[in-house]
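Below is query-v6.csv, holding CSV, C-alpha atoms.
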chain,number,residue,atom,x,y,z
A,14,MET,CA,20.6,-19.7,10.9
A,15,LYS,CA,18.4,-17.8,13.3
A,16,VAL,CA,16.6,-14.6,12.5
A,17,GLU,CA,15.3,-12.4,15.3
A,18,LEU,CA,11.9,-11.1,14.3
A,19,ALA,CA,10.8,-7.8,15.7
A,20,LEU,CA,7.5,-9.3,16.8
A,21,PRO,CA,6.5,-12.6,18.2
A,22,PRO,CA,5.8,-15.0,15.2
A,23,SER,CA,2.9,-16.6,17.0
A,24,LYS,CA,0.9,-13.4,17.4
A,25,ARG,CA,-0.6,-11.4,14.6
A,26,ASP,CA,0.1,-7.7,14.8
A,27,LEU,CA,-3.3,-6.1,14.4
A,28,ARG,CA,-1.6,-2.7,14.0
A,29,LEU,CA,-0.4,-3.7,10.6
A,30,ASP,CA,-3.8,-4.7,9.4
A,31,LEU,CA,-5.4,-1.7,11.0
A,32,PHE,CA,-3.2,0.9,9.3
A,33,ARG,CA,-3.1,-0.9,6.0
A,34,GLY,CA,-6.9,-0.9,6.0
A,35,LEU,CA,-6.9,2.8,6.9
A,36,ALA,CA,-4.4,3.5,4.1
A,37,ASN,CA,-6.8,1.7,1.7
A,38,TRP,CA,-9.8,3.7,2.8
A,39,LEU,CA,-8.0,7.1,2.7
A,40,MET,CA,-6.4,6.4,-0.7
A,41,PHE,CA,-9.9,5.7,-2.0
A,42,LEU,CA,-11.2,9.0,-0.7
A,43,GLY,CA,-8.2,10.9,-2.0
A,44,HIS,CA,-8.5,9.3,-5.5
A,45,VAL,CA,-12.1,10.4,-5.9
A,46,SER,CA,-10.6,13.9,-6.4
A,47,THR,CA,-13.3,16.0,-4.8
A,48,SER,CA,-12.9,19.0,-2.5
A,49,VAL,CA,-14.6,17.5,0.5
A,50,LEU,CA,-13.4,13.8,0.4
A,51,ALA,CA,-9.8,14.8,-0.1
A,52,TRP,CA,-9.8,16.4,3.3
A,53,PHE,CA,-10.3,13.0,4.9
A,54,SER,CA,-7.0,11.7,3.3
A,55,PHE,CA,-3.5,11.8,4.7
A,56,ARG,CA,-2.1,13.9,1.9
A,57,ASN,CA,-3.5,17.2,3.1
A,58,TYR,CA,-2.0,17.0,6.6
A,59,GLY,CA,1.6,16.0,6.1
A,60,PHE,CA,4.3,15.1,3.6
A,61,SER,CA,3.6,11.4,3.4
A,62,ASP,CA,0.2,9.7,2.7
A,63,GLY,CA,-1.5,6.3,2.4
A,64,ALA,CA,0.7,5.1,-0.5
A,65,ASP,CA,3.8,5.5,1.7
A,66,LEU,CA,2.2,3.6,4.5
A,67,PHE,CA,1.0,0.9,2.1
A,68,VAL,CA,4.4,0.2,0.6
A,69,PHE,CA,6.1,0.2,4.0
A,70,ILE,CA,3.7,-2.3,5.6
A,71,SER,CA,3.9,-4.4,2.4
A,72,GLY,CA,7.7,-4.7,2.9
A,73,TYR,CA,7.3,-5.5,6.6
A,74,THR,CA,4.7,-8.3,6.1
A,75,SER,CA,6.4,-9.7,3.0
A,76,ALA,CA,9.7,-10.2,5.0
A,77,LEU,CA,7.8,-11.9,7.9
A,78,VAL,CA,5.8,-14.3,5.7
A,79,PHE,CA,8.3,-15.1,3.0
A,80,GLY,CA,11.4,-14.9,5.2
A,81,ARG,CA,9.9,-17.7,7.2
A,82,ARG,CA,9.2,-19.7,4.0
A,83,MET,CA,12.8,-19.1,2.8
A,84,LEU,CA,14.3,-20.2,6.1
A,85,GLU,CA,12.2,-23.4,6.3
A,86,GLY,CA,12.3,-24.5,2.7
A,87,GLY,CA,15.4,-22.8,1.2
A,88,PHE,CA,15.9,-20.1,-1.4
A,89,VAL,CA,14.1,-21.9,-4.2
A,90,PHE,CA,11.0,-22.7,-2.2
A,91,GLY,CA,10.8,-19.2,-0.8
A,92,THR,CA,11.3,-17.7,-4.2
A,93,THR,CA,8.5,-19.8,-5.7
A,94,ARG,CA,6.2,-18.6,-2.9
A,95,LEU,CA,7.2,-15.0,-3.5
A,96,LEU,CA,6.7,-15.3,-7.3
A,97,ARG,CA,3.3,-16.8,-6.8
A,98,ARG,CA,2.4,-13.7,-4.8
A,99,VAL,CA,3.8,-11.5,-7.6
A,100,TRP,CA,1.6,-13.3,-10.1
A,101,GLN,CA,-1.4,-12.7,-7.9
A,102,ILE,CA,-0.6,-9.0,-7.7
A,103,TYR,CA,0.1,-8.7,-11.5
A,104,ALA,CA,-3.2,-10.6,-12.3
A,105,ALA,CA,-5.1,-8.2,-10.0
A,106,HIS,CA,-3.5,-5.2,-11.7
A,107,ILE,CA,-4.3,-6.5,-15.2
A,108,LEU,CA,-7.9,-7.3,-14.3
A,109,LEU,CA,-8.3,-3.8,-12.8
A,110,PHE,CA,-6.6,-2.3,-15.8
A,111,VAL,CA,-9.0,-3.9,-18.2
A,112,PHE,CA,-12.1,-3.0,-16.2
A,113,TYR,CA,-10.9,0.5,-15.6
A,114,LEU,CA,-10.2,1.2,-19.3
A,115,ALA,CA,-13.4,-0.3,-20.5
A,116,SER,CA,-15.4,1.6,-17.9
A,117,VAL,CA,-13.8,5.0,-18.8
A,118,HIS,CA,-14.4,4.4,-22.5
A,119,LEU,CA,-17.9,3.1,-22.1
A,120,LEU,CA,-19.1,5.8,-19.7
A,121,SER,CA,-17.4,8.5,-21.7
A,122,ASN,CA,-19.3,7.5,-24.9
A,123,SER,CA,-22.6,6.6,-23.2
A,124,PHE,CA,-22.9,9.9,-21.3
A,125,ASN,CA,-21.1,12.2,-23.7
A,126,ALA,CA,-18.4,13.0,-21.3
A,127,PRO,CA,-15.2,13.2,-23.3
A,128,GLY,CA,-13.4,14.9,-20.5
A,129,LEU,CA,-13.1,11.5,-18.8
A,130,ILE,CA,-10.8,10.3,-21.6
A,131,ASP,CA,-8.3,13.0,-21.0
A,132,ARG,CA,-8.5,13.1,-17.2
A,133,PHE,CA,-7.9,9.4,-16.7
A,134,ASN,CA,-5.2,9.2,-19.4
A,135,VAL,CA,-7.1,6.9,-21.8
A,136,VAL,CA,-6.2,8.9,-24.9
A,137,PRO,CA,-3.4,6.5,-25.9
A,138,LEU,CA,-5.9,3.7,-26.0
A,139,LEU,CA,-7.9,5.5,-28.7
A,140,ASN,CA,-4.8,6.5,-30.7
A,141,ALA,CA,-3.0,3.1,-30.7
A,142,PRO,CA,-5.1,0.4,-28.9
A,143,VAL,CA,-2.9,-2.6,-29.6
A,144,GLU,CA,0.3,-0.9,-28.6
A,145,THR,CA,-1.3,0.7,-25.6
A,146,ILE,CA,-2.6,-2.7,-24.3
A,147,THR,CA,0.8,-4.2,-24.9
A,148,GLN,CA,2.5,-1.5,-23.0
A,149,GLY,CA,-0.1,-1.9,-20.2
A,150,LEU,CA,0.8,-5.6,-19.9
A,151,LEU,CA,4.5,-4.5,-19.6
A,152,LEU,CA,3.5,-2.1,-16.8
A,153,ARG,CA,4.7,0.9,-18.8
A,154,TYR,CA,1.3,2.4,-19.6
A,155,LYS,CA,-0.8,3.3,-16.6
A,156,PRO,CA,-4.1,5.2,-16.5
A,157,LEU,CA,-4.6,7.7,-13.8
A,158,ASN,CA,-4.4,6.2,-10.2
A,159,LEU,CA,-3.2,2.8,-11.5
A,160,ASP,CA,0.4,3.4,-10.4
A,161,VAL,CA,0.7,1.6,-7.0
A,162,LEU,CA,0.2,-2.1,-8.1
A,163,PRO,CA,2.9,-1.9,-10.8
A,164,LEU,CA,5.3,-0.6,-8.2
A,165,TYR,CA,4.2,-3.4,-5.9
A,166,VAL,CA,4.8,-6.0,-8.7
A,167,VAL,CA,8.4,-4.6,-9.3
A,168,LEU,CA,9.3,-4.5,-5.7
A,169,MET,CA,8.0,-8.0,-4.9
A,170,GLY,CA,9.6,-9.4,-8.1
A,171,ALA,CA,13.0,-8.1,-7.1
A,172,PHE,CA,12.6,-9.2,-3.5
A,173,PRO,CA,13.8,-12.8,-3.5
A,174,PRO,CA,17.5,-12.1,-3.7
A,175,VAL,CA,17.1,-9.1,-1.5
A,176,LEU,CA,15.3,-11.2,1.2
A,177,TRP,CA,17.9,-14.0,0.9
A,178,LEU,CA,20.6,-11.4,1.6
A,179,MET,CA,18.7,-9.7,4.4
A,180,LEU,CA,18.4,-13.0,6.3
A,181,ARG,CA,22.2,-13.0,6.4
A,182,HIS,CA,23.3,-9.4,6.3
A,183,ARG,CA,20.3,-7.2,6.9
A,184,ASN,CA,22.3,-4.1,7.8
A,185,TRP,CA,24.4,-4.2,4.6
A,186,VAL,CA,21.2,-4.6,2.5
A,187,MET,CA,19.7,-1.7,4.3
A,188,LEU,CA,22.8,0.4,3.5
A,189,GLY,CA,22.6,-0.7,-0.1
A,190,SER,CA,19.0,0.4,-0.3
A,191,VAL,CA,19.8,3.8,1.1
A,192,SER,CA,22.7,4.1,-1.4
A,193,LEU,CA,20.4,3.2,-4.3
A,194,TYR,CA,17.8,5.8,-3.1
A,195,PHE,CA,20.3,8.6,-3.1
A,196,ALA,CA,21.9,7.5,-6.4
A,197,ALA,CA,18.5,7.4,-8.1
A,198,ARG,CA,17.6,10.9,-6.8
A,199,GLN,CA,21.0,12.3,-7.7
A,200,LEU,CA,21.4,10.7,-11.2
A,201,GLY,CA,17.7,10.8,-12.2
A,202,TRP,CA,17.2,7.0,-12.4
A,203,ASN,CA,13.7,5.9,-13.1
A,204,LEU,CA,11.7,3.6,-15.4
A,205,PRO,CA,10.2,4.8,-18.7
A,206,SER,CA,6.4,5.2,-19.1
A,207,TYR,CA,4.3,5.0,-22.2
A,208,PRO,CA,3.7,7.0,-24.3
A,209,SER,CA,6.2,9.4,-22.6
A,210,GLY,CA,7.7,10.3,-19.2
A,211,VAL,CA,8.7,8.1,-16.3
A,212,TRP,CA,7.0,6.2,-13.6
A,213,TYR,CA,5.0,8.3,-11.1
A,214,PHE,CA,6.3,6.1,-8.3
A,215,ASN,CA,10.0,5.8,-9.0
A,216,PRO,CA,10.8,2.2,-7.9
A,217,PHE,CA,14.5,3.0,-7.4
A,218,ALA,CA,13.4,5.6,-4.7
A,219,TRP,CA,10.3,3.9,-3.3
A,220,GLN,CA,12.2,0.6,-2.7
A,221,LEU,CA,13.6,2.4,0.4
A,222,LEU,CA,10.3,2.2,2.2
A,223,PHE,CA,9.8,-1.4,1.2
A,224,VAL,CA,13.3,-2.5,2.3
A,225,LEU,CA,13.0,-0.5,5.5
A,226,GLY,CA,9.8,-2.4,6.4
A,227,ALA,CA,11.6,-5.7,5.7
A,228,TRP,CA,14.7,-4.6,7.7
A,229,LEU,CA,12.5,-3.7,10.7
A,230,ALA,CA,10.6,-7.0,10.5
A,231,LEU,CA,13.8,-9.0,10.5
A,232,GLY,CA,15.4,-7.5,13.6
A,233,GLY,CA,16.0,-3.8,12.8
A,234,ALA,CA,13.1,-2.8,15.1
A,235,ASN,CA,15.1,-4.1,18.0
A,236,THR,CA,18.1,-2.0,17.0
A,237,LEU,CA,16.0,1.2,16.8
A,238,HIS,CA,13.7,0.5,19.8
A,239,PHE,CA,15.4,3.2,21.8
A,240,LEU,CA,13.9,5.8,19.4
A,241,VAL,CA,10.4,4.7,20.4
A,242,ARG,CA,11.0,5.4,24.1
A,243,SER,CA,13.1,8.6,23.6
A,244,ARG,CA,11.5,11.7,25.0
A,245,ALA,CA,13.6,13.9,22.7
A,246,VAL,CA,12.4,12.0,19.6
A,247,LEU,CA,8.9,12.4,20.8
A,248,VAL,CA,9.2,16.2,21.1
A,249,VAL,CA,11.1,16.7,17.9
A,250,GLY,CA,8.8,14.3,16.1
A,251,LEU,CA,5.6,16.1,17.2
A,252,ALA,CA,7.1,19.4,16.2
A,253,TYR,CA,8.0,18.0,12.7
A,254,LEU,CA,4.6,16.6,12.2
A,255,LEU,CA,3.1,20.0,13.1
A,256,PHE,CA,5.5,21.7,10.7
A,257,ALA,CA,4.6,19.3,7.9
A,258,ALA,CA,0.9,19.8,8.5
A,259,VAL,CA,1.1,23.6,8.3
A,260,MET,CA,3.5,23.5,5.3
A,261,THR,CA,1.2,21.1,3.4
A,262,LEU,CA,-1.9,23.1,4.3
A,263,SER,CA,-0.2,26.3,3.1
A,264,GLY,CA,0.0,24.8,-0.4
A,265,LEU,CA,-3.8,24.5,-0.3
A,266,ILE,CA,-4.7,27.6,1.6
A,267,PRO,CA,-2.9,30.7,0.2
A,268,GLU,CA,-3.3,32.7,3.3
A,269,LEU,CA,-1.0,30.4,5.2
A,270,GLN,CA,1.8,30.9,2.7
A,271,THR,CA,2.6,34.3,4.3
A,272,LEU,CA,3.7,32.5,7.4
A,273,PHE,CA,6.9,31.2,5.6
A,274,PRO,CA,9.7,32.7,3.6
A,275,ARG,CA,9.1,32.0,-0.1
A,276,VAL,CA,12.3,30.0,-0.3
A,277,LEU,CA,11.2,27.7,2.5
A,278,PHE,CA,7.7,27.3,1.0
A,279,ASP,CA,9.2,26.4,-2.4
A,280,ALA,CA,11.4,23.7,-0.8
A,281,PHE,CA,8.4,21.6,0.2
A,282,ASN,CA,5.8,22.6,-2.4
A,283,PRO,CA,5.0,20.9,-4.6
A,284,ASN,CA,5.7,17.7,-2.7
A,285,ASP,CA,8.2,15.5,-4.5
A,286,LYS,CA,6.2,12.2,-4.4
A,287,THR,CA,7.7,10.6,-7.5
A,288,ASN,CA,11.2,10.4,-6.1
A,289,LEU,CA,10.2,10.1,-2.4
A,290,ALA,CA,11.6,13.3,-1.1
A,291,PRO,CA,13.7,12.9,2.1
A,292,TYR,CA,11.3,15.1,4.0
A,293,ARG,CA,8.5,12.8,2.9
A,294,PHE,CA,10.5,9.7,4.1
A,295,LEU,CA,11.3,11.4,7.4
A,296,HIS,CA,7.6,12.2,7.9
A,297,LEU,CA,6.6,8.6,7.6
A,298,ALA,CA,9.4,7.4,9.8
A,299,ILE,CA,8.2,9.7,12.6
A,300,VAL,CA,4.6,8.5,12.1
A,301,ILE,CA,5.9,4.9,12.5
A,302,ILE,CA,7.9,5.7,15.6
A,303,LEU,CA,5.1,7.6,17.3
A,304,GLY,CA,2.6,4.9,16.3
A,305,ALA,CA,4.7,2.2,17.9
A,306,ARG,CA,5.1,4.4,21.0
A,307,PHE,CA,1.4,5.1,21.6
A,308,ILE,CA,-0.1,1.9,20.2
A,309,PRO,CA,1.8,-1.1,21.5
A,310,ILE,CA,1.2,-4.5,20.0
A,311,ASP,CA,-0.9,-5.7,23.0
A,312,ALA,CA,-3.0,-2.5,23.2
A,313,ALA,CA,-6.5,-3.6,24.4
A,314,GLY,CA,-8.2,-1.1,22.2
A,315,LEU,CA,-7.1,-3.0,19.0
A,316,GLN,CA,-9.7,-5.6,19.9
A,317,ALA,CA,-12.5,-3.1,20.0
A,318,ALA,CA,-15.4,-3.7,17.6
A,319,ILE,CA,-15.1,-0.3,16.0
A,320,TRP,CA,-11.7,-1.2,14.4
A,321,LYS,CA,-12.8,-4.6,13.0
A,322,PRO,CA,-13.9,-3.2,9.6
A,323,LEU,CA,-10.5,-1.5,9.2
A,324,ILE,CA,-8.6,-4.6,10.3
A,325,LYS,CA,-10.6,-6.8,8.0
A,326,CYS,CA,-9.8,-4.5,5.0
A,327,GLY,CA,-6.1,-4.6,6.0
A,328,GLN,CA,-6.1,-8.4,6.1
A,329,GLN,CA,-7.6,-8.5,2.6
A,330,SER,CA,-5.6,-5.6,1.3
A,331,LEU,CA,-5.0,-6.5,-2.3
A,332,GLU,CA,-8.7,-7.1,-3.1
A,333,VAL,CA,-9.8,-4.0,-1.2
A,334,PHE,CA,-7.2,-1.8,-2.8
A,335,ALA,CA,-8.1,-2.9,-6.3
A,336,VAL,CA,-11.9,-2.4,-5.6
A,337,GLY,CA,-11.1,1.0,-4.0
A,338,ILE,CA,-9.2,2.3,-7.0
A,339,TYR,CA,-12.1,1.2,-9.4
A,340,LEU,CA,-14.7,2.8,-7.0
A,341,SER,CA,-12.8,6.0,-6.9
A,342,PHE,CA,-13.3,6.4,-10.7
A,343,ILE,CA,-17.0,5.4,-10.4
A,344,GLY,CA,-17.4,7.9,-7.5
A,345,TYR,CA,-15.8,10.7,-9.5
A,346,PHE,CA,-18.1,9.9,-12.5
A,347,ILE,CA,-21.2,9.9,-10.4
A,348,LEU,CA,-20.4,13.2,-8.7
A,349,THR,CA,-19.5,14.7,-12.1
A,350,MET,CA,-22.7,13.6,-13.8
A,351,THR,CA,-25.1,14.4,-10.9
A,352,SER,CA,-24.1,16.7,-8.1
A,353,ASP,CA,-20.8,17.5,-6.3
A,354,GLY,CA,-22.5,19.0,-3.3
A,355,ILE,CA,-21.2,18.1,0.2
A,356,ILE,CA,-24.0,15.6,0.9
A,357,ALA,CA,-23.5,13.9,-2.4
A,358,GLN,CA,-19.8,13.6,-1.8
A,359,LEU,CA,-20.2,12.2,1.7
A,360,LEU,CA,-22.7,9.7,0.4
A,361,VAL,CA,-20.4,8.5,-2.4
A,362,GLY,CA,-17.5,8.3,0.1
A,363,THR,CA,-19.5,6.3,2.6
A,364,ALA,CA,-20.9,4.0,-0.1
A,365,GLY,CA,-17.4,3.3,-1.4
A,366,ILE,CA,-16.1,2.4,2.1
A,367,VAL,CA,-19.1,0.2,2.8
A,368,ILE,CA,-18.5,-1.7,-0.5
A,369,MET,CA,-14.8,-2.1,0.2
A,370,THR,CA,-15.5,-3.4,3.7
A,371,ALA,CA,-18.1,-5.8,2.3
A,372,VAL,CA,-15.5,-7.1,-0.2
A,373,ALA,CA,-13.1,-7.7,2.7
A,374,TYR,CA,-15.6,-9.6,4.7
A,375,TYR,CA,-16.6,-11.7,1.7
A,376,ARG,CA,-13.0,-12.6,0.8
A,377,SER,CA,-12.3,-13.5,4.4
A,378,TRP,CA,-15.3,-15.8,4.6
A,379,SER,CA,-14.5,-17.2,1.1
A,380,LYS,CA,-10.9,-18.1,2.2
A,381,ARG,CA,-12.1,-19.8,5.4
A,382,VAL,CA,-14.6,-21.9,3.4
A,383,GLU,CA,-11.9,-22.9,0.8
A,384,LYS,CA,-9.4,-23.7,3.6
A,385,SER,CA,-12.0,-25.8,5.4
A,386,ALA,CA,-13.0,-27.6,2.2
A,387,HIS,CA,-9.3,-28.3,1.4
A,388,GLY,CA,-8.6,-29.6,4.9
A,389,TYR,CA,-11.6,-31.9,4.7
A,390,ALA,CA,-10.6,-33.2,1.3
A,391,ASN,CA,-7.1,-34.0,2.6
A,392,GLN,CA,-8.3,-36.1,5.5
A,393,PRO,CA,-8.4,-40.0,5.1
A,394,ALA,CA,-11.8,-41.3,4.0
A,395,ASN,CA,-12.7,-43.0,7.2
A,396,GLN,CA,-11.6,-40.0,9.2
A,397,ASN,CA,-13.7,-37.7,7.1
A,398,ARG,CA,-16.8,-39.7,7.8
A,399,HIS,CA,-16.4,-39.9,11.6
A,400,ALA,CA,-14.4,-36.9,12.8
A,401,PRO,CA,-16.4,-34.0,14.3
A,402,ALA,CA,-17.0,-31.1,12.0
A,403,ALA,CA,-14.9,-28.7,14.2
A,404,GLU,CA,-11.8,-31.0,13.9
A,405,LEU,CA,-12.0,-30.9,10.1
A,406,VAL,CA,-11.4,-27.1,10.0
A,407,GLN,CA,-7.7,-26.3,9.5
A,408,PRO,CA,-6.6,-23.6,12.1
A,409,ASP,CA,-5.8,-20.3,10.4
A,410,ILE,CA,-2.2,-20.1,11.4
A,411,LYS,CA,-0.5,-16.9,10.4
A,412,LEU,CA,2.8,-15.2,11.1
A,413,VAL,CA,2.5,-11.6,12.2
A,414,GLY,CA,1.1,-10.1,9.0
A,415,SER,CA,-0.2,-11.2,5.7
A,416,ALA,CA,1.7,-10.2,2.6
Reformat the file's structure so that it appears as structure tokens.
Amino acid sequence: MKVELALPPSKRDLRLDLFRGLANWLMFLGHVSTSVLAWFSFRNYGFSDGADLFVFISGYTSALVFGRRMLEGGFVFGTTRLLRRVWQIYAAHILLFVFYLASVHLLSNSFNAPGLIDRFNVVPLLNAPVETITQGLLLRYKPLNLDVLPLYVVLMGAFPPVLWLMLRHRNWVMLGSVSLYFAARQLGWNLPSYPSGVWYFNPFAWQLLFVLGAWLALGGANTLHFLVRSRAVLVVGLAYLLFAAVMTLSGLIPELQTLFPRVLFDAFNPNDKTNLAPYRFLHLAIVIILGARFIPIDAAGLQAAIWKPLIKCGQQSLEVFAVGIYLSFIGYFILTMTSDGIIAQLLVGTAGIVIMTAVAYYRSWSKRVEKSAHGYANQPANQNRHAPAAELVQPDIKLVGSA
């Protein structure tokens, strides 16, 4: 069976790495929750934000990487590769979960800052520690800002049968995803949270972005390519992005609210992030279309040195994301306990991005060293002794993206 990929399998699409790295940076800045740094995030200028982009690209790259595995080795082999990735994401979340809770509790007690306990949703840990930890392991209890990785675990865990079907009937699977999305919104489907409520990112709704990314990766992009070149889509898309920016800013700047009838303003404010409002989905879809129009895969500018830190952060996305979430709490704590002036906020934001970038470069170097050592160990003994060092390094062959 042949699957037509939207992008050449032999060439890595740096756009995916670039925008996933950008999403990680901006989610960090947005999670620090300060007046200045938040203005550098996506969320103040449109209906969608870094989380939407992160989930979409994750679906795209997962389909490319694990779709190839499933085609080459069959359903069982592809599923084992997928579930190994699920375990890595789950382990990263649990490690982050433990460090996060311990840090909030320790700093709250050490610096007499009880407000941290309430703000970061750590109260259940104090009231029922064993039950809270158990619910955390089950992904039902999530402190503030620790919602994305549990969503990622669920989407990836359910992906093997979805991917198997998409390799055969991608359009029917896409239709099923759309149907599930509208059913979840209409019927109120969601997963329960602990100690009360539901998931902040409703997986029954957010799966639409993940499946859309997979559908585009496995040939859907060719089907919709005409939208990228359409002048009408360009004009309407730019107008919609402008409308979304003004409408979102009006929720932050009261003076702008007078520009819209109250019924229109209330239709978009507050932004329904939990159930992925249709206007939010449309916003990201337009961003993707215009991005593909103005930044082709072979754009020379993608090789510029200025983008390398972002690309590296996108290539090591899981580690960078987890570190960024933890640093957002540390950054908020530092600003709360010292100064929340503009200079202090910019210094904290810059320091966080530098640390995230350093982690990305370290993980990239570490993986190369491990791959080289593994390749050397697998060579025959006599070949290990006499082969030139350059020949012992396994080439870093990737598909288009890295899940």
## Note on the structure
Between A:Leu277, A:Trp320, A:Gly337, A:Ala76, smallest distance to Gly91 (chain A) by all atoms listed in the file belongs to A:Ala76
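With all atoms listed in the file as the atoms that count, the residue of A:Leu303, A:Tyr103, A:Met83, A:Tyr194 with the shortest distance to Val175 (chain A) is A:Met83.
The coordinates place CA of Leu360 (chain A) at 18.3 Å from CA of Val372 (chain A).
Nearest to Ala373 (chain A) of all the residues A:Gly170, A:Pro283, A:Gly226, A:Gly34 is A:Gly34, counting all atoms listed in the file.
Taking CA of Val68 (chain A) as the reference point, CA of Trp177 (chain A) is found at 19.6 Å.
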## Note on the structure
Min atom-atom distance to Asp62 (chain A) from the set A:Ala257, A:Met350, A:Met369, A:Val45, counting all atoms listed in the file, belongs to A:Ala257
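From CA of Asn134 (chain A) back to CA of Pro156 (chain A), the distance works out to 5.1 Å.
Between Leu77 (chain A) and the candidates A:Val49, A:Leu176, A:Val241, A:Val367, the tightest atom-to-atom separation, counting all atoms listed in the file, involves A:Leu176.
Residues in contact range of Ala357 (chain A), defined as at most 10 Å between all atoms listed in the file, with sequence neighbours fewer than 4 positions away removed, read A:Gly344, A:Ile347, A:Leu348, A:Thr351, A:Ser352, A:Asp353, A:Val361, A:Gly362, A:Thr363.
Residue nearest Tyr113 (chain A), chosen from A:Leu323, A:Ile338, A:Val300, A:Leu95 and counting all atoms listed in the file: A:Ile338.
Neighbours of Ala230 (chain A) closer than or equal to 7 Å, with only C-alpha atoms counted and sequence neighbours fewer than 2 positions away skipped, come out as Leu18, Ala19, Tyr73, Ala76, Leu77, Gly226, Ala227, Trp228, Gly232, Gly233 and Ala234 of chain A.
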#### Entry: For region 308-315 of chain A: contacts at 9 Å, all atoms listed in the file, fewer than 6 positions along chain excluded, given as a PyMOL selection string
chain A and resi 20+25-28+31+321+324
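Taking all atoms listed in the file into account, the polymer residues that have an atom no farther than 12 Å from (-6.9, -7.2, -13.0) are Trp100, Gln101, Ile102, Tyr103, Ala104, Ala105, His106, Ile107, Leu108, Leu109, Phe110, Val111, Phe112, Tyr113, Leu114, Gly149, Leu150, Leu159, Leu162, Pro163, Leu331, Glu332, Phe334, Ala335, Val336, Ile338 and Tyr339 of chain A.
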Compile the contact shell of Ser54 (chain A) as a compact mmCIF listing (two decimals) with C-alpha atoms, keeping the file's coordinate frame: residues with an atom at most 12 Å away, counting all atoms listed in the file, same-chain residues fewer than 2 positions apart removed.
# COMPACT_ATOMS: atom_id res chain seq x y z
CA LEU A 35 -6.90 2.80 6.90
CA ALA A 36 -4.40 3.50 4.10
CA ASN A 37 -6.80 1.70 1.70
CA TRP A 38 -9.80 3.70 2.80
CA LEU A 39 -8.00 7.10 2.70
CA MET A 40 -6.40 6.40 -0.70
CA PHE A 41 -9.90 5.70 -2.00
CA LEU A 42 -11.20 9.00 -0.70
CA GLY A 43 -8.20 10.90 -2.00
CA HIS A 44 -8.50 9.30 -5.50
CA VAL A 45 -12.10 10.40 -5.90
CA SER A 46 -10.60 13.90 -6.40
CA THR A 47 -13.30 16.00 -4.80
CA SER A 48 -12.90 19.00 -2.50
CA VAL A 49 -14.60 17.50 0.50
CA LEU A 50 -13.40 13.80 0.40
CA ALA A 51 -9.80 14.80 -0.10
CA TRP A 52 -9.80 16.40 3.30
CA ARG A 56 -2.10 13.90 1.90
CA ASN A 57 -3.50 17.20 3.10
CA TYR A 58 -2.00 17.00 6.60
CA GLY A 59 1.60 16.00 6.10
CA PHE A 60 4.30 15.10 3.60
CA SER A 61 3.60 11.40 3.40
CA ASP A 62 0.20 9.70 2.70
CA GLY A 63 -1.50 6.30 2.40
CA ALA A 64 0.70 5.10 -0.50
CA GLY A 362 -17.50 8.30 0.10
### Task
Please provide the set of residues having any atom within 7 Å of Ala218 (chain A), restricted to only C-alpha atoms, with same-chain residues fewer than 5 positions apart removed, written as number ranges by chain.
A: 194, 197, 288-289
